[in-house]
$ cat data_12.cif   # mmCIF, N, CA and C atoms
data_target
loop_
_atom_site.label_atom_id
_atom_site.label_comp_id
_atom_site.auth_asym_id
_atom_site.auth_seq_id
_atom_site.Cartn_x
_atom_site.Cartn_y
_atom_site.Cartn_z
N MET A 1 0.83 -1.20 0.00
CA MET A 1 0.00 0.00 0.00
C MET A 1 0.87 1.25 0.00
N PHE A 2 1.98 1.17 0.72
CA PHE A 2 2.87 2.33 0.76
C PHE A 2 3.43 2.65 -0.63
N ALA A 3 3.81 1.60 -1.36
CA ALA A 3 4.35 1.80 -2.71
C ALA A 3 3.28 2.39 -3.63
N TYR A 4 2.06 1.90 -3.53
CA TYR A 4 0.96 2.42 -4.36
C TYR A 4 0.73 3.90 -4.07
N GLY A 5 0.70 4.28 -2.81
CA GLY A 5 0.51 5.68 -2.45
C GLY A 5 1.64 6.55 -2.94
N PHE A 6 2.85 6.04 -2.84
CA PHE A 6 4.01 6.80 -3.31
C PHE A 6 3.96 7.00 -4.81
N ILE A 7 3.61 5.96 -5.55
CA ILE A 7 3.49 6.05 -7.01
C ILE A 7 2.37 7.00 -7.39
N GLN A 8 1.25 6.93 -6.70
CA GLN A 8 0.12 7.82 -6.98
C GLN A 8 0.51 9.27 -6.74
N LEU A 9 1.21 9.54 -5.66
CA LEU A 9 1.66 10.90 -5.36
C LEU A 9 2.64 11.39 -6.42
N GLY A 10 3.54 10.52 -6.82
CA GLY A 10 4.52 10.88 -7.86
C GLY A 10 3.85 11.20 -9.19
N SER A 11 2.86 10.41 -9.57
CA SER A 11 2.18 10.67 -10.83
C SER A 11 1.36 11.96 -10.76
N SER A 12 0.80 12.26 -9.61
CA SER A 12 0.07 13.53 -9.45
C SER A 12 1.03 14.71 -9.57
N PHE A 13 2.20 14.56 -9.02
CA PHE A 13 3.22 15.62 -9.12
C PHE A 13 3.64 15.84 -10.57
N VAL A 14 3.85 14.76 -11.29
CA VAL A 14 4.22 14.86 -12.71
C VAL A 14 3.10 15.53 -13.50
N SER A 15 1.86 15.19 -13.21
CA SER A 15 0.72 15.82 -13.89
C SER A 15 0.66 17.31 -13.60
N ALA A 16 0.92 17.69 -12.36
CA ALA A 16 0.91 19.11 -12.00
C ALA A 16 2.00 19.87 -12.74
N ILE A 17 3.17 19.29 -12.84
CA ILE A 17 4.27 19.93 -13.56
C ILE A 17 3.91 20.08 -15.04
N ALA A 18 3.28 19.07 -15.61
CA ALA A 18 2.88 19.14 -17.02
C ALA A 18 1.85 20.24 -17.24
N LEU A 19 0.90 20.37 -16.33
CA LEU A 19 -0.11 21.42 -16.46
C LEU A 19 0.52 22.81 -16.36
N VAL A 20 1.50 22.97 -15.51
CA VAL A 20 2.20 24.25 -15.39
C VAL A 20 2.93 24.57 -16.70
N ALA A 21 3.57 23.56 -17.28
CA ALA A 21 4.27 23.76 -18.55
C ALA A 21 3.29 24.16 -19.65
N ILE A 22 2.14 23.55 -19.69
CA ILE A 22 1.12 23.89 -20.68
C ILE A 22 0.64 25.32 -20.48
N ALA A 23 0.43 25.72 -19.23
CA ALA A 23 -0.02 27.08 -18.94
C ALA A 23 1.01 28.11 -19.41
N PHE A 24 2.29 27.85 -19.18
CA PHE A 24 3.32 28.77 -19.66
C PHE A 24 3.35 28.81 -21.18
N GLY A 25 3.06 27.68 -21.81
CA GLY A 25 2.99 27.65 -23.27
C GLY A 25 1.88 28.54 -23.78
N PHE A 26 0.72 28.53 -23.12
CA PHE A 26 -0.38 29.39 -23.53
C PHE A 26 -0.04 30.86 -23.34
N CYS A 27 0.71 31.18 -22.30
CA CYS A 27 1.13 32.57 -22.09
C CYS A 27 2.01 33.03 -23.24
N ALA A 28 2.90 32.17 -23.70
CA ALA A 28 3.78 32.52 -24.81
C ALA A 28 2.97 32.72 -26.09
N VAL A 29 1.98 31.88 -26.32
CA VAL A 29 1.13 32.01 -27.50
C VAL A 29 0.35 33.32 -27.45
N LYS A 30 -0.14 33.66 -26.28
CA LYS A 30 -0.90 34.91 -26.13
C LYS A 30 -0.02 36.11 -26.43
N LYS A 31 1.21 36.10 -25.94
CA LYS A 31 2.13 37.21 -26.18
C LYS A 31 2.47 37.31 -27.66
N GLU A 32 2.73 36.18 -28.29
CA GLU A 32 3.04 36.18 -29.72
C GLU A 32 1.86 36.67 -30.54
N SER A 33 0.66 36.30 -30.13
CA SER A 33 -0.54 36.75 -30.82
C SER A 33 -0.70 38.27 -30.72
N LYS A 34 -0.43 38.82 -29.55
CA LYS A 34 -0.50 40.28 -29.37
C LYS A 34 0.47 40.99 -30.32
N LEU A 35 1.70 40.48 -30.38
CA LEU A 35 2.70 41.09 -31.25
C LEU A 35 2.30 40.99 -32.71
N PHE A 36 1.75 39.86 -33.10
CA PHE A 36 1.31 39.67 -34.49
C PHE A 36 0.19 40.66 -34.82
N ASN A 37 -0.80 40.78 -33.93
CA ASN A 37 -1.91 41.71 -34.18
C ASN A 37 -1.42 43.14 -34.26
N LYS A 38 -0.45 43.50 -33.43
CA LYS A 38 0.12 44.85 -33.47
C LYS A 38 0.83 45.08 -34.80
N CYS A 39 1.57 44.10 -35.26
CA CYS A 39 2.27 44.20 -36.53
C CYS A 39 1.27 44.41 -37.67
N VAL A 40 0.21 43.62 -37.69
CA VAL A 40 -0.81 43.74 -38.74
C VAL A 40 -1.45 45.12 -38.70
N ALA A 41 -1.78 45.60 -37.52
CA ALA A 41 -2.41 46.92 -37.40
C ALA A 41 -1.49 48.01 -37.92
N GLU A 42 -0.19 47.91 -37.65
CA GLU A 42 0.75 48.92 -38.13
C GLU A 42 0.83 48.93 -39.65
N ILE A 43 0.86 47.77 -40.26
CA ILE A 43 0.94 47.69 -41.72
C ILE A 43 -0.33 48.26 -42.35
N ILE A 44 -1.48 47.95 -41.77
CA ILE A 44 -2.75 48.46 -42.30
C ILE A 44 -2.80 49.98 -42.16
N GLU A 45 -2.31 50.51 -41.05
CA GLU A 45 -2.27 51.97 -40.87
C GLU A 45 -1.40 52.65 -41.92
N ASP A 46 -0.34 51.95 -42.35
CA ASP A 46 0.56 52.52 -43.36
C ASP A 46 -0.02 52.41 -44.78
N GLY A 47 -1.21 51.87 -44.91
CA GLY A 47 -1.87 51.82 -46.22
C GLY A 47 -1.87 50.46 -46.88
N GLY A 48 -1.39 49.45 -46.21
CA GLY A 48 -1.40 48.12 -46.78
C GLY A 48 -2.75 47.44 -46.62
N THR A 49 -2.97 46.42 -47.41
CA THR A 49 -4.21 45.65 -47.29
C THR A 49 -4.05 44.61 -46.18
N ASN A 50 -5.16 44.00 -45.83
CA ASN A 50 -5.12 42.96 -44.79
C ASN A 50 -4.22 41.80 -45.20
N SER A 51 -4.37 41.35 -46.44
CA SER A 51 -3.59 40.19 -46.88
C SER A 51 -2.09 40.53 -46.95
N GLU A 52 -1.75 41.73 -47.38
CA GLU A 52 -0.34 42.13 -47.40
C GLU A 52 0.22 42.19 -45.98
N ALA A 53 -0.57 42.71 -45.06
CA ALA A 53 -0.12 42.83 -43.67
C ALA A 53 0.13 41.46 -43.06
N VAL A 54 -0.80 40.55 -43.27
CA VAL A 54 -0.65 39.20 -42.70
C VAL A 54 0.56 38.51 -43.30
N ARG A 55 0.72 38.62 -44.62
CA ARG A 55 1.86 37.98 -45.28
C ARG A 55 3.18 38.56 -44.75
N TYR A 56 3.25 39.88 -44.62
CA TYR A 56 4.46 40.52 -44.11
C TYR A 56 4.77 40.08 -42.68
N CYS A 57 3.75 40.07 -41.83
CA CYS A 57 3.98 39.73 -40.42
C CYS A 57 4.27 38.25 -40.22
N ASN A 58 3.90 37.41 -41.19
CA ASN A 58 4.25 35.99 -41.12
C ASN A 58 5.66 35.73 -41.62
N GLY A 59 6.34 36.78 -42.11
CA GLY A 59 7.71 36.62 -42.57
C GLY A 59 7.84 36.61 -44.07
N GLY A 60 6.75 36.81 -44.79
CA GLY A 60 6.82 36.85 -46.25
C GLY A 60 7.38 38.16 -46.74
N ASN A 61 7.67 38.21 -48.01
CA ASN A 61 8.23 39.43 -48.61
C ASN A 61 7.17 40.26 -49.28
#
$ encode --input "data_12.cif" --output "structure tokens"
Amino acid sequence: MFAYGFIQLGSSFVSAIALVAIAFGFCAVKKESKLFNKCVAEIIEDGGTNSEAVRYCNGGN
């Protein structure tokens, strides 16, 4: 029983660490999304079309 409890606790800890890693991943995606939207807005303000702005901000020429 002691081994089972120890294994259960260990697996719960691993799951918690994985969830924290996923949460930090979502934070990075949110930040990247903000920067992308800002880039698109700047290109549109300069007179570009939506498709040109998206292509430019995705790294296209």
$ atom_distance --input "data_12.cif" --atom1 "atom C of Val54 (chain A)" --atom2 "atom C of Val29 (chain A)"
16.7 Å
$ atom_distance --input "data_12.cif" --atom1 "CA of Val14 (chain A)" --atom2 "atom N of Lys30 (chain A)"
23.6 Å
$ atom_distance --input "data_12.cif" --atom1 "CA of Ala53 (chain A)" --atom2 "CA of Phe24 (chain A)"
28.0 Å
$ axis_aligned_box --input "data_12.cif" --around "region 15-24 of chain A" --padding-each-side "5 Å" --output "lines of an AutoDock Vina configuration file"
center_x = 2.1
center_y = 22.0
center_z = -16.6
size_x = 14.4
size_y = 23.6
size_z = 19.2
$ closest_residue --input "data_12.cif" --among "A:Phe6, A:Ser12, A:Ala18, A:Tyr56" --to "Ala41 (chain A)" --atoms "only C-alpha atoms"
A:Tyr56
